[in-house]
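final05.csv follows; it contains CSV, C-alpha atoms and all ligand atoms.
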chain,number,residue,atom,x,y,z
A,1,GLN,CA,16.1,-28.7,-9.2
A,2,LEU,CA,14.4,-25.8,-10.8
A,3,LEU,CA,12.7,-24.9,-7.6
A,4,ASN,CA,16.1,-24.9,-5.8
A,5,LEU,CA,17.5,-22.5,-8.3
A,6,GLU,CA,14.5,-20.3,-7.9
A,7,GLN,CA,15.0,-20.3,-4.2
A,8,LEU,CA,18.7,-19.4,-4.5
A,9,ARG,CA,17.7,-16.6,-6.8
A,10,ARG,CA,15.2,-15.3,-4.2
A,11,THR,CA,17.6,-15.6,-1.3
A,12,LEU,CA,20.2,-13.7,-3.3
A,13,HIS,CA,17.7,-11.1,-4.1
A,14,ASN,CA,16.6,-10.7,-0.5
A,15,ARG,CA,20.2,-10.4,0.5
A,16,ILE,CA,20.8,-7.6,-2.0
A,17,GLN,CA,17.6,-5.9,-0.7
A,18,GLU,CA,19.0,-6.1,2.8
A,19,LEU,CA,22.3,-4.6,1.8
A,20,ARG,CA,20.6,-1.7,0.1
A,21,GLY,CA,18.4,-0.9,3.1
A,22,ASN,CA,14.8,-1.9,3.1
A,23,ILE,CA,12.7,1.1,2.1
A,24,ARG,CA,12.0,1.9,-1.6
A,25,VAL,CA,10.3,4.7,-3.4
A,26,TYR,CA,8.8,4.1,-6.8
A,27,VAL,CA,7.2,7.0,-8.7
A,28,ARG,CA,4.3,6.3,-11.1
A,29,THR,CA,2.9,9.0,-13.3
A,30,ARG,CA,-0.5,8.2,-14.8
A,31,PRO,CA,-1.3,8.9,-18.4
A,32,PHE,CA,-3.6,11.8,-19.4
A,33,LEU,CA,-7.3,11.0,-19.1
A,34,PRO,CA,-10.1,12.4,-21.3
A,35,ASN,CA,-11.3,14.7,-18.4
A,36,ASP,CA,-7.8,16.2,-17.9
A,37,GLY,CA,-8.1,17.9,-21.3
A,38,VAL,CA,-11.1,20.1,-20.4
A,39,SER,CA,-9.2,22.7,-18.4
A,40,ALA,CA,-5.7,21.8,-19.6
A,41,SER,CA,-6.3,22.4,-23.3
A,42,SER,CA,-6.7,26.2,-23.7
A,43,SER,CA,-4.0,28.4,-22.2
A,44,THR,CA,-1.8,25.7,-20.7
A,45,GLY,CA,-1.6,23.4,-23.7
A,46,GLY,CA,-3.6,20.2,-23.6
A,47,GLY,CA,-1.6,17.0,-23.0
A,48,HIS,CA,1.5,18.9,-22.0
A,49,SER,CA,2.9,17.0,-19.1
A,50,SER,CA,4.6,18.7,-16.1
A,51,ILE,CA,6.7,15.6,-15.6
A,52,GLU,CA,9.6,14.5,-17.7
A,53,ILE,CA,11.0,11.1,-17.1
A,54,LEU,CA,14.7,10.6,-17.8
A,55,PRO,CA,16.1,7.6,-19.7
A,56,ASP,CA,17.7,6.1,-16.6
A,57,GLY,CA,14.3,5.1,-15.3
A,58,GLU,CA,15.1,6.5,-11.9
A,59,SER,CA,15.1,10.3,-12.4
A,60,LEU,CA,12.5,12.9,-13.4
A,61,THR,CA,12.1,16.6,-13.7
A,62,ILE,CA,9.0,18.6,-12.9
A,63,GLN,CA,8.1,22.0,-14.2
A,64,GLY,CA,5.0,24.1,-14.3
A,65,ARG,CA,4.6,26.6,-17.2
A,66,ARG,CA,7.5,27.3,-19.4
A,67,GLY,CA,9.9,29.6,-17.7
A,68,ASP,CA,9.0,28.3,-14.2
A,69,GLU,CA,11.8,26.7,-12.2
A,70,ALA,CA,12.3,23.0,-13.0
A,71,HIS,CA,13.0,20.6,-10.1
A,72,ALA,CA,14.9,17.3,-10.5
A,73,PHE,CA,14.4,14.1,-8.4
A,74,LYS,CA,15.9,10.7,-8.2
A,75,PHE,CA,14.3,7.6,-6.7
A,76,ASP,CA,14.6,3.8,-6.8
A,77,LYS,CA,12.4,3.7,-9.9
A,78,VAL,CA,10.3,6.0,-12.0
A,79,PHE,CA,7.5,4.4,-14.2
A,80,ALA,CA,6.4,6.0,-17.4
A,81,PRO,CA,2.7,6.7,-17.9
A,82,SER,CA,2.7,3.9,-20.4
A,83,ALA,CA,3.8,1.3,-17.8
A,84,GLY,CA,0.9,-1.2,-17.4
A,85,GLN,CA,-0.2,-3.0,-14.3
A,86,ASP,CA,1.8,-6.1,-15.3
A,87,VAL,CA,5.0,-4.1,-15.6
A,88,VAL,CA,4.4,-2.4,-12.2
A,89,PHE,CA,3.6,-5.7,-10.5
A,90,GLU,CA,6.7,-7.3,-12.0
A,91,GLU,CA,8.8,-4.8,-10.0
A,92,VAL,CA,7.1,-5.5,-6.7
A,93,SER,CA,6.5,-9.3,-6.9
A,94,GLU,CA,9.6,-10.4,-5.1
A,95,PHE,CA,9.0,-7.8,-2.5
A,96,VAL,CA,5.4,-9.1,-2.0
A,97,GLN,CA,6.6,-12.6,-1.9
A,98,SER,CA,9.1,-12.0,0.9
A,99,ALA,CA,6.1,-12.1,3.3
A,100,LEU,CA,6.2,-15.9,2.8
A,101,ASP,CA,9.8,-15.9,4.0
A,102,GLY,CA,8.7,-14.3,7.3
A,103,TYR,CA,9.1,-10.6,6.6
A,104,HIS,CA,6.6,-7.9,7.6
A,105,VAL,CA,6.1,-6.1,4.4
A,106,CYS,CA,4.1,-3.0,3.6
A,107,LEU,CA,3.3,-1.2,0.3
A,108,PHE,CA,1.8,2.3,0.3
A,109,SER,CA,0.3,4.4,-2.4
A,110,TYR,CA,0.7,8.1,-1.8
A,111,GLY,CA,-0.5,11.0,-3.8
A,112,GLN,CA,-3.3,13.5,-4.4
A,113,THR,CA,-6.8,12.3,-5.2
A,114,GLY,CA,-7.1,11.3,-8.8
A,115,SER,CA,-3.4,10.5,-9.2
A,116,GLY,CA,-3.8,6.7,-9.5
A,117,LYS,CA,-3.4,5.3,-6.0
A,118,THR,CA,-6.4,3.0,-6.1
A,119,HIS,CA,-5.6,2.1,-9.7
A,120,THR,CA,-2.1,1.0,-8.5
A,121,MET,CA,-3.3,-0.9,-5.4
A,122,GLN,CA,-6.7,-2.3,-6.3
A,123,GLY,CA,-6.8,-1.8,-10.0
A,124,SER,CA,-9.5,-0.4,-12.3
A,125,GLY,CA,-11.3,-3.6,-13.4
A,126,ASN,CA,-10.5,-7.2,-14.3
A,127,GLY,CA,-7.8,-8.8,-16.4
A,128,ALA,CA,-5.0,-6.5,-17.4
A,129,MET,CA,-6.4,-3.7,-15.3
A,130,ARG,CA,-6.0,-5.6,-12.0
A,131,GLY,CA,-3.8,-3.9,-9.5
A,132,ILE,CA,-1.3,-5.1,-6.9
A,133,ILE,CA,-3.8,-6.5,-4.4
A,134,PRO,CA,-5.4,-9.2,-6.7
A,135,ARG,CA,-2.1,-10.0,-8.3
A,136,ALA,CA,-0.3,-10.3,-5.0
A,137,VAL,CA,-2.8,-12.7,-3.5
A,138,GLU,CA,-2.7,-14.9,-6.5
A,139,GLN,CA,1.1,-15.0,-6.5
A,140,ILE,CA,1.3,-15.8,-2.8
A,141,LEU,CA,-1.2,-18.7,-3.2
A,142,SER,CA,0.8,-20.1,-6.1
A,143,GLN,CA,4.1,-19.8,-4.3
A,144,ALA,CA,2.7,-21.4,-1.1
A,145,ALA,CA,1.5,-24.3,-3.3
A,146,LEU,CA,5.0,-24.7,-4.8
A,147,MET,CA,6.7,-24.7,-1.4
A,148,LYS,CA,4.6,-27.6,-0.4
A,149,SER,CA,7.1,-29.9,-2.1
A,150,GLN,CA,9.7,-28.7,0.3
A,151,ARG,CA,7.4,-29.6,3.2
A,152,TRP,CA,6.2,-26.1,3.9
A,153,THR,CA,2.6,-25.7,5.1
A,154,PHE,CA,1.0,-22.3,5.4
A,155,THR,CA,-2.0,-20.9,7.2
A,156,MET,CA,-3.3,-17.6,5.9
A,157,LYS,CA,-5.8,-15.0,7.3
A,158,ALA,CA,-7.0,-11.9,5.7
A,159,SER,CA,-8.3,-8.7,7.1
A,160,PHE,CA,-9.3,-5.3,5.6
A,161,LEU,CA,-9.7,-2.1,7.5
A,162,GLU,CA,-10.0,1.6,7.0
A,163,ILE,CA,-8.7,4.5,9.1
A,164,TYR,CA,-11.1,7.4,8.9
A,165,ASN,CA,-10.7,10.5,11.2
A,166,GLU,CA,-8.1,8.5,13.3
A,167,GLU,CA,-10.6,5.7,13.9
A,168,LEU,CA,-10.2,2.1,12.8
A,169,ARG,CA,-13.1,0.4,11.1
A,170,ASP,CA,-13.3,-3.2,10.0
A,171,LEU,CA,-14.3,-3.4,6.4
A,172,LEU,CA,-15.1,-7.1,6.8
A,173,VAL,CA,-17.5,-6.6,9.7
A,174,MET,CA,-20.3,-8.2,7.6
A,175,MET,CA,-18.3,-11.3,7.0
A,176,ASN,CA,-18.0,-14.4,9.2
A,177,SER,CA,-14.5,-15.8,9.7
A,178,ASP,CA,-15.3,-18.7,7.4
A,179,GLY,CA,-16.0,-16.1,4.6
A,180,SER,CA,-19.8,-16.3,4.6
A,181,ILE,CA,-21.8,-13.1,4.7
A,182,LYS,CA,-23.8,-12.2,7.9
A,183,PRO,CA,-27.5,-11.5,7.6
A,184,ARG,CA,-28.3,-7.9,6.8
A,185,ASP,CA,-29.6,-7.0,10.3
A,186,ALA,CA,-26.6,-8.4,12.2
A,187,ARG,CA,-25.4,-5.5,14.2
A,188,THR,CA,-21.7,-5.6,15.1
A,189,ALA,CA,-19.8,-3.0,17.0
A,190,ASN,CA,-17.1,-1.6,14.7
A,191,LYS,CA,-14.6,0.4,16.5
A,192,LEU,CA,-11.3,-1.2,16.8
A,193,SER,CA,-8.1,-0.6,18.8
A,194,ILE,CA,-4.5,-1.5,18.2
A,195,LYS,CA,-2.7,-3.7,20.8
A,196,ARG,CA,0.6,-5.3,21.1
A,197,ASN,CA,1.1,-9.0,21.7
A,198,ALA,CA,3.7,-10.7,24.0
A,199,GLU,CA,6.3,-10.5,21.2
A,200,GLY,CA,5.7,-6.8,20.8
A,201,LYS,CA,4.0,-7.1,17.4
A,202,SER,CA,1.0,-5.0,16.8
A,203,TYR,CA,-2.4,-6.4,16.1
A,204,VAL,CA,-5.9,-5.1,15.8
A,205,ASP,CA,-8.1,-6.2,18.6
A,206,GLY,CA,-11.4,-7.7,17.6
A,207,ILE,CA,-10.8,-7.4,13.8
A,208,ASN,CA,-12.4,-10.1,11.6
A,209,LEU,CA,-9.7,-12.5,10.4
A,210,VAL,CA,-11.0,-14.5,7.5
A,211,ASP,CA,-9.4,-17.9,7.1
A,212,ILE,CA,-8.0,-18.6,3.6
A,213,ASP,CA,-7.8,-22.1,2.3
A,214,VAL,CA,-4.1,-22.4,1.2
A,215,GLU,CA,-4.4,-26.1,0.3
A,216,ASN,CA,-6.9,-25.5,-2.4
A,217,LYS,CA,-5.7,-22.6,-4.6
A,218,THR,CA,-9.1,-22.2,-6.4
A,219,VAL,CA,-11.0,-22.0,-3.2
A,220,GLY,CA,-8.4,-19.7,-1.6
A,221,LEU,CA,-8.6,-17.3,-4.5
A,222,GLU,CA,-12.4,-17.2,-4.4
A,223,GLN,CA,-12.2,-16.5,-0.7
A,224,LEU,CA,-9.8,-13.6,-1.2
A,225,GLU,CA,-11.9,-12.2,-4.0
A,226,ALA,CA,-14.9,-12.3,-1.7
A,227,VAL,CA,-12.8,-10.5,1.0
A,228,ILE,CA,-11.8,-7.8,-1.5
A,229,ALA,CA,-15.4,-7.4,-2.8
A,230,THR,CA,-16.9,-7.2,0.7
A,231,ALA,CA,-14.4,-4.5,1.7
A,232,ALA,CA,-15.2,-2.5,-1.4
A,233,ARG,CA,-18.9,-2.7,-0.7
A,234,ALA,CA,-18.4,-1.7,2.9
A,235,ARG,CA,-16.3,1.2,1.8
A,236,SER,CA,-18.8,2.5,-0.7
A,237,VAL,CA,-21.7,2.2,1.8
A,238,ALA,CA,-19.8,4.1,4.4
A,239,THR,CA,-18.9,6.7,1.8
A,240,THR,CA,-22.5,7.6,0.9
A,241,LYS,CA,-23.6,7.5,4.5
A,242,MET,CA,-21.1,10.1,5.6
A,243,ASN,CA,-21.3,12.1,2.4
A,244,SER,CA,-17.6,11.8,2.0
A,245,GLN,CA,-15.2,10.3,-0.5
A,246,SER,CA,-13.4,7.1,0.1
A,247,SER,CA,-10.3,9.2,-0.8
A,248,ARG,CA,-10.7,10.7,2.7
A,249,SER,CA,-9.6,7.5,4.5
A,250,HIS,CA,-6.7,5.1,4.4
A,251,SER,CA,-7.5,1.5,3.6
A,252,VAL,CA,-5.3,-1.4,4.5
A,253,PHE,CA,-5.5,-4.9,3.2
A,254,MET,CA,-3.6,-7.3,5.5
A,255,LEU,CA,-2.6,-10.9,4.9
A,256,HIS,CA,-1.2,-12.7,7.9
A,257,LEU,CA,0.9,-15.7,7.0
A,258,CYS,CA,2.3,-18.5,9.1
A,259,GLY,CA,4.5,-21.2,7.6
A,260,SER,CA,5.9,-24.3,9.2
A,261,ASN,CA,8.4,-26.7,7.8
A,262,GLU,CA,7.8,-30.3,8.7
A,263,GLU,CA,11.4,-31.3,8.2
A,264,SER,CA,13.3,-28.6,10.0
A,265,GLY,CA,10.6,-27.6,12.4
A,266,THR,CA,11.0,-24.0,11.4
A,267,ILE,CA,8.1,-21.6,11.8
A,268,VAL,CA,7.9,-18.3,10.1
A,269,HIS,CA,5.4,-15.4,10.6
A,270,GLY,CA,5.1,-13.0,7.8
A,271,ALA,CA,2.7,-10.2,7.0
A,272,LEU,CA,1.7,-8.4,3.8
A,273,ASN,CA,0.0,-5.0,4.2
A,274,LEU,CA,-1.2,-3.1,1.1
A,275,CYS,CA,-2.2,0.4,1.9
A,276,ASP,CA,-4.1,2.9,-0.2
A,277,LEU,CA,-3.6,6.2,1.5
A,278,ALA,CA,-6.0,9.1,1.7
A,279,GLY,CA,-5.5,11.9,-0.8
A,280,SER,CA,-2.5,14.0,0.2
A,281,GLU,CA,-3.9,17.3,-1.3
A,282,ARG,CA,-3.6,20.3,0.9
A,283,LEU,CA,-6.6,22.0,2.4
A,284,ASP,CA,-8.5,24.0,-0.2
A,285,ARG,CA,-8.6,27.4,1.3
A,286,SER,CA,-11.6,28.6,-0.7
A,287,GLY,CA,-14.4,26.5,0.8
A,288,ALA,CA,-13.2,23.8,3.1
A,289,SER,CA,-13.3,25.8,6.3
A,290,SER,CA,-17.1,26.4,6.0
A,291,ASP,CA,-17.7,22.6,6.2
A,292,ALA,CA,-16.8,21.4,9.7
A,293,GLN,CA,-16.9,17.7,8.8
A,294,ARG,CA,-14.6,18.2,5.8
A,295,LEU,CA,-12.2,20.3,7.9
A,296,LYS,CA,-12.0,17.6,10.5
A,297,GLU,CA,-11.3,15.0,7.9
A,298,THR,CA,-8.6,17.1,6.3
A,299,GLN,CA,-6.9,17.7,9.7
A,300,ALA,CA,-7.0,13.9,10.4
A,301,ILE,CA,-5.4,13.1,7.0
A,302,ASN,CA,-2.8,15.8,7.4
A,303,LYS,CA,-2.0,14.6,10.8
A,304,SER,CA,-1.5,11.0,9.9
A,305,LEU,CA,0.4,11.7,6.7
A,306,SER,CA,2.7,14.1,8.4
A,307,CYS,CA,3.2,11.5,11.2
A,308,LEU,CA,4.2,9.0,8.5
A,309,GLY,CA,6.7,11.6,7.3
A,310,ASP,CA,7.9,12.2,10.8
A,311,VAL,CA,8.5,8.5,11.4
A,312,PHE,CA,10.5,8.3,8.2
A,313,THR,CA,12.6,11.4,9.1
A,314,SER,CA,13.3,10.0,12.6
A,315,LEU,CA,14.3,6.7,11.1
A,316,ALA,CA,16.6,8.6,8.7
A,317,ASN,CA,18.2,10.6,11.5
A,318,GLY,CA,18.7,7.4,13.5
A,319,SER,CA,16.7,8.9,16.4
A,320,LYS,CA,16.3,6.8,19.5
A,321,HIS,CA,12.6,7.8,19.7
A,322,ILE,CA,10.5,7.0,16.7
A,323,PRO,CA,7.0,8.6,17.0
A,324,PHE,CA,5.1,5.6,15.9
A,325,ARG,CA,2.3,6.2,18.4
A,326,ASN,CA,1.4,9.7,17.0
A,327,SER,CA,-1.0,8.2,14.5
A,328,LYS,CA,-3.1,5.1,14.1
A,329,LEU,CA,-1.5,4.4,10.7
A,330,THR,CA,2.1,4.4,11.9
A,331,TYR,CA,1.2,2.5,15.1
A,332,LEU,CA,-0.6,-0.1,13.1
A,333,LEU,CA,2.3,-0.5,10.6
A,334,GLN,CA,5.1,-0.1,13.1
A,335,ASP,CA,6.5,-3.7,12.5
A,336,CYS,CA,6.9,-2.9,8.8
A,337,LEU,CA,8.4,0.5,9.4
A,338,SER,CA,11.0,-0.5,12.0
A,339,GLY,CA,14.1,-2.5,11.6
A,340,ASP,CA,12.0,-5.6,11.4
A,341,GLY,CA,10.2,-4.8,8.2
A,342,LYS,CA,10.3,-3.8,4.6
A,343,ALA,CA,8.4,-0.9,3.1
A,344,LEU,CA,7.8,0.3,-0.4
A,345,MET,CA,6.1,3.5,-1.3
A,346,PHE,CA,4.5,4.4,-4.6
A,347,VAL,CA,4.2,8.1,-5.2
A,348,ASN,CA,1.4,8.5,-7.7
A,349,LEU,CA,1.4,11.6,-9.8
A,350,SER,CA,-1.0,13.3,-12.2
A,351,PRO,CA,0.8,14.6,-15.3
A,352,THR,CA,-1.3,17.8,-15.7
A,353,LEU,CA,0.1,21.3,-15.3
A,354,GLU,CA,-2.7,22.1,-12.8
A,355,SER,CA,-1.4,19.3,-10.5
A,356,CYS,CA,2.2,20.5,-10.7
A,357,SER,CA,2.3,22.1,-7.2
A,358,GLU,CA,0.6,19.1,-5.6
A,359,SER,CA,3.0,16.8,-7.5
A,360,LEU,CA,5.9,18.8,-6.2
A,361,CYS,CA,4.7,18.4,-2.6
A,362,SER,CA,4.3,14.6,-3.1
A,363,LEU,CA,7.8,14.4,-4.6
A,364,ARG,CA,9.3,16.3,-1.6
A,365,PHE,CA,7.5,14.0,0.8
A,366,ALA,CA,8.9,11.0,-1.1
A,367,GLN,CA,12.4,12.5,-1.1
A,368,ARG,CA,12.2,12.5,2.7
A,369,VAL,CA,11.2,8.8,2.6
A,370,ASN,CA,13.9,7.8,0.3
A,371,GLN,CA,16.7,8.9,2.6
A,372,VAL,CA,15.6,6.3,5.2
A,373,GLU,CA,17.5,3.1,5.7
A,374,LEU,CA,15.6,0.9,8.1
A,375,GLY,CA,18.7,-1.2,8.9
A,376,LYS,CA,18.6,-4.9,8.5
A,377,ALA,CA,15.2,-6.5,8.0
A,378,THR,CA,14.8,-9.6,10.0
A,379,LYS,CA,12.8,-12.6,9.3
A,380,ASN,CA,10.4,-13.7,12.0
A,381,VAL,CA,11.5,-17.3,12.5
A,382,GLN,CA,11.2,-19.7,15.4
A,383,TYR,CA,12.8,-23.1,15.7
A,384,SER,CA,10.5,-25.4,17.4
A,385,LYS,CA,12.6,-28.5,17.2
B,401,LIG,P1,-6.8,8.0,-6.6
B,401,LIG,O1,-7.1,6.6,-6.0
B,401,LIG,O2,-5.4,8.4,-6.4
B,401,LIG,O3,-7.8,9.0,-6.3
B,401,LIG,P2,-7.5,6.6,-9.1
B,401,LIG,O4,-6.7,5.4,-8.9
B,401,LIG,O5,-9.0,6.5,-8.7
B,401,LIG,O6,-6.9,7.8,-8.2
B,401,LIG,O7,-7.3,7.1,-10.5
B,401,LIG,C1,-8.1,8.1,-11.1
B,401,LIG,C2,-8.6,7.7,-12.5
B,401,LIG,O8,-7.4,7.5,-13.3
B,401,LIG,C3,-9.3,6.4,-12.5
B,401,LIG,O9,-10.3,6.5,-13.5
B,401,LIG,C4,-8.2,5.4,-13.0
B,401,LIG,O10,-8.8,4.3,-13.6
B,401,LIG,C5,-7.4,6.2,-13.9
B,401,LIG,N1,-6.0,5.8,-13.8
B,401,LIG,C6,-5.1,6.0,-12.8
B,401,LIG,N2,-3.9,5.6,-13.1
B,401,LIG,C7,-3.9,5.0,-14.4
B,401,LIG,C8,-3.0,4.4,-15.2
B,401,LIG,N3,-1.7,4.2,-14.9
B,401,LIG,N4,-3.5,4.0,-16.5
B,401,LIG,C9,-4.7,4.2,-16.8
B,401,LIG,N5,-5.7,4.8,-16.1
B,401,LIG,C10,-5.3,5.2,-14.8
B,402,MG,MG,-8.6,6.2,-4.6
Produce C-alpha cells that represent the structure in this file.
Amino acid sequence: QLLNLEQLRRTLHNRIQELRGNIRVYVRTRPFLPNDGVSASSSTGGGHSSIEILPDGESLTIQGRRGDEAHAFKFDKVFAPSAGQDVVFEEVSEFVQSALDGYHVCLFSYGQTGSGKTHTMQGSGNGAMRGIIPRAVEQILSQAALMKSQRWTFTMKASFLEIYNEELRDLLVMMNSDGSIKPRDARTANKLSIKRNAEGKSYVDGINLVDIDVENKTVGLEQLEAVIATAARARSVATTKMNSQSSRSHSVFMLHLCGSNEESGTIVHGALNLCDLAGSERLDRSGASSDAQRLKETQAINKSLSCLGDVFTSLANGSKHIPFRNSKLTYLLQDCLSGDGKALMFVNLSPTLESCSESLCSLRFAQRVNQVELGKATKNVQYSK
C-alpha cells in the first residue's frame, strides 16, 4: 500500500516536471575555504562574499567591490554555502530516480576550477561528504530492489569516460566487464567513437560496460564503488602523464538501465549521466599562449562548452537544426538534451571577490540554459506482449 502511494507521488512529480519543461538550473555557492583568505583578506575584505542569496531560495545578486554594478539572477534553485551534500542530493533524488522509469537523464556541474564541481558530483570524501554519484547509485539500487515486489527486474551497466581535447577515453579500460581488474601490462586501445543505434540513440562504440548485480544490493554497491575508484585512479594517472589537471577534461559517469515487468511485459530503457565539466575559466592572457599544450586544451574546452551553450540556445529558439554534432559532449548526451530527455545543470560558484567576473560569466551562461524548454520528455518504453 505504502509503495503504491510512493509510486503515485512519483508519477505526480514527474507529471509536474513535464509540465514545467525538463531542464533545470540550480546554483550552488561554496563556502569560503582557508586558502581563499590569503589574497582576499587585505584590501578586498576577507570573507566578504560577492554573492548574496535572497530569501526566496531562487534568486541571487552578485557584486564585485562596493560601488560596482550589482547583477540579479533567478533560477530554479539557489543553494546557500551552508547547504550540505545531503540537502543538495535531496533536491535531485527524484530526478535521478526517473532513470528507472525510462528517462534519459543528465546532470552537469558547470563552473570555474575550484568552484565545487567535483565536490558536488563526486564528493570530497566518505560519509556526509559524499557527492551525487555515490548517493545516486545507492538510491537507484535500493529503488530497484523495492520495485521487485511489483515484478520489475532490472539490468544495469556502468561506464565512465572522459573527454579530453575532443577525444573520448574510457576510464574503465583497466577493468574487465565482470568488474575484475586487468593485469598491469594488458594493453588496450583507448580511443572511442560515438555511434547511433537502430533506434537513433547514441552509444559509445567499444566502451567497457561493467555489469552491476542488481539482485544483490551489497554486491552491486561494491561493484559500483570499484567502478568509481578505478575511474578516479585512471584519471589521476592520465593527469600526471600529460602534466595537466583533471579540471581540463569533462568526465561522464553513465548508468544504463533496462527494466522489464513480468506482469505487463513492459520494457523500459533509461540512462543516468553524471557529468563533471571541465573548468569554464577563460583563457589566462598572461601566460597561457606560451604553452602550446595548454592553449590546445583551453580551445577544446571553450569549444565544447560553447557548443553546449549553442545547443541550449537553439533549443530555446525552437530551431529546426540543433548543433549536437559540433562537439563530442553534446553528441554523446544528445538523448538527454533533446525532447526525449531531462537535464539539470549545477552552476558552481566561488564566493570570493576575485572570482566575481568568472562567476558572472557562469551565471550568464546558466541564464541562457534556463530559458530552454525541452518540450515533453518521453519515457523509453516498449510493450513486448
Ligand atoms: P572544482 O571541481 O570545481 O575544481 P572542487 O570540487 O575540487 O572544485 O572544490 C574545490 C575545493 O573546495 C575542494 O577542496 C572541495 O572539497 C571544496 N569545496 C567545494 N565545495 C564545497 C562545499 N560546498 N562545502 C565544503 N567544501 C567545498
Ligand atoms: Mg574538479
Environment of ligand LIG 401 (chain B) within 6 Å, counting only C-alpha atoms and all ligand atoms, reported as a short mmCIF file (atom, residue, chain, number, x, y, z; two decimals) with C-alpha atoms, in the frame of the given file:
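Written out: part04.cif:
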data_model
loop_
_atom_site.label_atom_id
_atom_site.label_comp_id
_atom_site.auth_asym_id
_atom_site.auth_seq_id
_atom_site.Cartn_x
_atom_site.Cartn_y
_atom_site.Cartn_z
CA ARG A 30 -0.50 8.20 -14.80
CA PRO A 31 -1.30 8.90 -18.40
CA PRO A 81 2.70 6.70 -17.90
CA GLN A 112 -3.30 13.50 -4.40
CA THR A 113 -6.80 12.30 -5.20
CA GLY A 114 -7.10 11.30 -8.80
CA SER A 115 -3.40 10.50 -9.20
CA GLY A 116 -3.80 6.70 -9.50
CA LYS A 117 -3.40 5.30 -6.00
CA THR A 118 -6.40 3.00 -6.10
CA HIS A 119 -5.60 2.10 -9.70
CA SER A 124 -9.50 -0.40 -12.30
#
With all atoms listed in the file counted, which protein, DNA or RNA residues have an atom no more than 6 Å from (-5.0, 13.0, -0.6) in the file frame? Please answer as a ChimeraX atom specification. /A:111-113,278-281
Nearest to Leu308 (chain A): which of A:Met121, A:Ala145, A:Ile133, A:Leu337 is it, counting all atoms listed in the file? A:Leu337
Selection: 7 Å around Thr153 (chain A), all atoms listed in the file, excl. self and same-chain fewer than 4 positions, as a ChimeraX atom specification: /A:148,259-261
Please produce a file of those selected residues containing C-alpha atoms, as a short mmCIF file (atom, residue, chain, number, x, y, z; two decimals), keeping the file's coordinate frame.
data_model
loop_
_atom_site.label_atom_id
_atom_site.label_comp_id
_atom_site.auth_asym_id
_atom_site.auth_seq_id
_atom_site.Cartn_x
_atom_site.Cartn_y
_atom_site.Cartn_z
CA LYS A 148 4.60 -27.60 -0.40
CA GLY A 259 4.50 -21.20 7.60
CA SER A 260 5.90 -24.30 9.20
CA ASN A 261 8.40 -26.70 7.80
#
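Of the listed residues (A:Val311, A:Leu172, A:Cys361, A:Ala271), A:Ala271 comes nearest to Tyr203 (chain A); the distances count all atoms listed in the file.
With distances restricted to only C-alpha atoms, A:Ile23 is the closest residue to Phe312 (chain A) from A:Ile23, A:Ile163, A:Leu295, A:Ala226.
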Within 9 Å of (-3.6, 9.1, 6.0) (coordinates as in the file), grab all the protein and nucleic acid residues, counting all atoms listed in the file, and write them out as a list in words. Tyr110, Ile163, Tyr164, Asn165, Glu166, Arg248, Ser249, His250, Ser251, Asp276, Leu277, Ala278, Gly279, Ser280, Ala300, Ile301, Asn302, Lys303, Ser304, Leu305, Ser306, Cys307, Leu308, Ser327 and Leu329 of chain A
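The space separating CA of Ala232 (chain A) from CA of Asn197 (chain A) comes to 29.0 Å.
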